[in-house]
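Notes follow the structure.
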Amino acid sequence: MYLQLTELIGQKLVKGFFEDAAFVERLVAVFAGVYFHSFEATQAGGKPDPSWKPLYDARSNRVVWPIQFAFAGMNAHINHDLPLAVIATCKEFGKTPDTTPVHADYQRINDLIAEIESEVRKSFETKLLHLATNDAETLKHIVGSWGIATARDLAWNNAEMLWAQLATPFLYDKSVATLAQTVGLTGHMLVTPVVPPPPD
């Protein structure tokens, strides 16, 4: 999904879709970098960030559906990594989240995501049809309780909140730690086994 989104954003960067293409291009790179930094640290033997820990802990659990892993990954990447990426990119460009057109371009990405998210959800619908109605409802409830657009709105609010705390490092660090723990709790819910997937 993120490969598709990155390619689509790349196409839009050269078509005038964004008001500040340079900022968006850098934001996408920094956003990916936050994830890769965490992943590489974990591969080197470090502990995963609390926002990602439920996903790492459940990765060998074959009762968890692929779509649950997908949404748990998006939960951690958007709700935790994205606010940090917005802040880092703003600092690099000498902007703030309130600088025009930072937020407007941020919202334009939502339009691109909506199309791709719909395709991802549809790809799992056929497997859900193989489940008994009662079994499928539990999984549908878990998946349906989380949406990318809502997550990105929350991520933006968190970016604004964290930005306001930059001048107080102790408070900022505490807020980042609390954010990671909160995102991790949602991730734990998203990877909770509910019903065995149908045979391949």
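Labels for the structure tokens follow display order: chains A, B, ..., residues from 1 in each chain, ligands from 1.
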(request) Excluding Asp111 of chain A and residues on its chain fewer than 5 positions from it, collect all residues at most 10 Å away from it, counting only C-alpha atoms, and give them as an MDAnalysis selection string. (result) chainID A and resid 106 116 149
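Atom to atom, atom CA of Asn75 of chain A and atom CA of Pro193 of chain A stand 16.9 Å apart.
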(message) With only C-alpha atoms as the counted atoms, please give the residues lying no more than 12 Å from Leu166 of chain A, apart from itself and same-chain residues fewer than 5 positions off, as a ChimeraX atom specification.
(response) /A:84,87-88,91,96,159-161,171-176
Would you output that residue set with C-alpha atoms, as a PDB file, in the first residue's frame?
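Below is the file selection_31.pdb, written as the result:
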```pdb
ATOM      1  CA  LEU A  84       7.401  13.070  14.437  1.00  0.00           C
ATOM      2  CA  ILE A  87       7.891  18.098  13.226  1.00  0.00           C
ATOM      3  CA  ALA A  88      11.273  17.054  11.836  1.00  0.00           C
ATOM      4  CA  LYS A  91      12.246  22.166  11.631  1.00  0.00           C
ATOM      5  CA  THR A  96       5.762  25.418  11.573  1.00  0.00           C
ATOM      6  CA  ALA A 159       2.027  17.111  15.672  1.00  0.00           C
ATOM      7  CA  GLU A 160       0.596  20.507  16.622  1.00  0.00           C
ATOM      8  CA  MET A 161       0.554  19.551  20.308  1.00  0.00           C
ATOM      9  CA  LEU A 171       7.433  17.847  28.538  1.00  0.00           C
ATOM     10  CA  TYR A 172       8.022  17.071  24.862  1.00  0.00           C
ATOM     11  CA  ASP A 173       9.824  13.797  25.648  1.00  0.00           C
ATOM     12  CA  LYS A 174       7.100  12.764  28.081  1.00  0.00           C
ATOM     13  CA  SER A 175       4.409  13.467  25.483  1.00  0.00           C
ATOM     14  CA  VAL A 176       6.252  11.463  22.805  1.00  0.00           C
TER      15      VAL A 176
END
```
(message) Among chain A, which residues does DSSP mark as alpha helix (DSSP H) when it is run on the backbone? Keep the chain and numbering as in the structure and answer as a ChimeraX atom specification.
(response) /A:2-13,21-43,53-58,66-76,82-93,102-128,133-144,148-164,169-190
(request) Find the residues around segment 100-105 of chain A up to 9 Å (only C-alpha atoms counted), leave out those fewer than 3 positions away in its own chain, and share them as a list in words. (result)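 Counting only the stated atoms, we get Phe17, Phe18, Glu19, Asp20, Ala21, Phe23, Val24, Cys90, Lys95, Thr96, Pro97, Arg108, Ile109 and Trp156 of chain A.
Remark: for Pro48 of chain A, the closest of the candidate residues A:Ala180, A:Val63, A:Leu185, A:Val191 is A:Ala180 (distances computed over only C-alpha atoms).
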Shell around Glu7 of chain A at 12 Å using only C-alpha atoms, local window under 3 positions removed, as a short mmCIF file (atom, residue, chain, number, x, y, z; two decimals) with N, CA and C atoms, in the first residue's frame:
```cif
data_model
loop_
_atom_site.label_atom_id
_atom_site.label_comp_id
_atom_site.auth_asym_id
_atom_site.auth_seq_id
_atom_site.Cartn_x
_atom_site.Cartn_y
_atom_site.Cartn_z
N MET A 1 0.82 -1.20 0.00
CA MET A 1 0.00 0.00 0.00
C MET A 1 0.86 1.25 0.00
N TYR A 2 1.91 1.26 0.84
CA TYR A 2 2.76 2.45 0.92
C TYR A 2 3.59 2.63 -0.34
N LEU A 3 3.92 1.52 -0.98
CA LEU A 3 4.62 1.62 -2.26
C LEU A 3 3.71 2.32 -3.27
N GLN A 4 2.45 1.90 -3.34
CA GLN A 4 1.49 2.53 -4.25
C GLN A 4 1.33 4.01 -3.94
N GLY A 10 4.68 10.64 -5.92
CA GLY A 10 5.75 11.00 -6.84
C GLY A 10 5.21 11.55 -8.15
N GLN A 11 4.14 10.94 -8.64
CA GLN A 11 3.52 11.43 -9.87
C GLN A 11 2.91 12.81 -9.68
N LYS A 12 2.29 13.01 -8.53
CA LYS A 12 1.63 14.29 -8.26
C LYS A 12 2.63 15.41 -8.02
N LEU A 13 3.83 15.07 -7.55
CA LEU A 13 4.83 16.10 -7.26
C LEU A 13 5.21 16.90 -8.50
N VAL A 14 5.15 16.25 -9.66
CA VAL A 14 5.56 16.91 -10.90
C VAL A 14 4.36 17.45 -11.68
N GLU A 25 7.77 16.24 -0.66
CA GLU A 25 8.74 15.21 -1.03
C GLU A 25 9.64 14.86 0.15
N VAL A 28 7.68 12.93 2.95
CA VAL A 28 7.51 11.51 2.63
C VAL A 28 8.79 10.73 2.95
N LEU A 112 -5.41 11.07 -1.85
CA LEU A 112 -4.72 9.98 -2.54
C LEU A 112 -4.83 8.68 -1.75
N ILE A 113 -4.77 8.79 -0.44
CA ILE A 113 -4.85 7.61 0.42
C ILE A 113 -6.23 6.96 0.35
N ILE A 116 -6.51 4.42 -2.39
CA ILE A 116 -5.70 3.22 -2.19
C ILE A 116 -6.25 2.39 -1.04
#
```
(message) Please determine, counting only C-alpha atoms, which residue among A:Pro66, A:Gly33, A:Pro83, A:Gly73 has the shortest atom-to-atom distance to Lys53 of chain A.
(response)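 Closest to Lys53 of chain A of all the choices is A:Gly73.
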(message) Using only C-alpha atoms for the distances, tell me which of A:His80, A:His37, A:Arg26, A:Lys15 is nearest to Asn157 of chain A.
(response)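 Going through A:His80, A:His37, A:Arg26, A:Lys15 one by one, the smallest distance to Asn157 of chain A is for A:His80.
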(request) Please provide as a count of residues only all residues within 9 Å of Gln181 of chain A, with the sequence filter that same-chain residues fewer than 4 positions apart are discarded (counting only C-alpha atoms). (result) 7
(request) Grab the atom CA of Asn110 of chain A to atom CA of His188 of chain A distance for me, in Å with one decimal place. (result)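 If I compute the distance from atom CA of Asn110 of chain A to atom CA of His188 of chain A, I get 24.9 Å.
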(request) Rank A:Val86, A:Met74, A:Ala44, A:Ala114 by their smallest atom-to-atom distance to Trp146 of chain A, using only C-alpha atoms, and report the top residue only. (result) A:Met74
(request) Work out how far atom CA of Ala70 of chain A is from atom CA of Thr138 of chain A, in Å to one decimal. (result) 16.8 Å
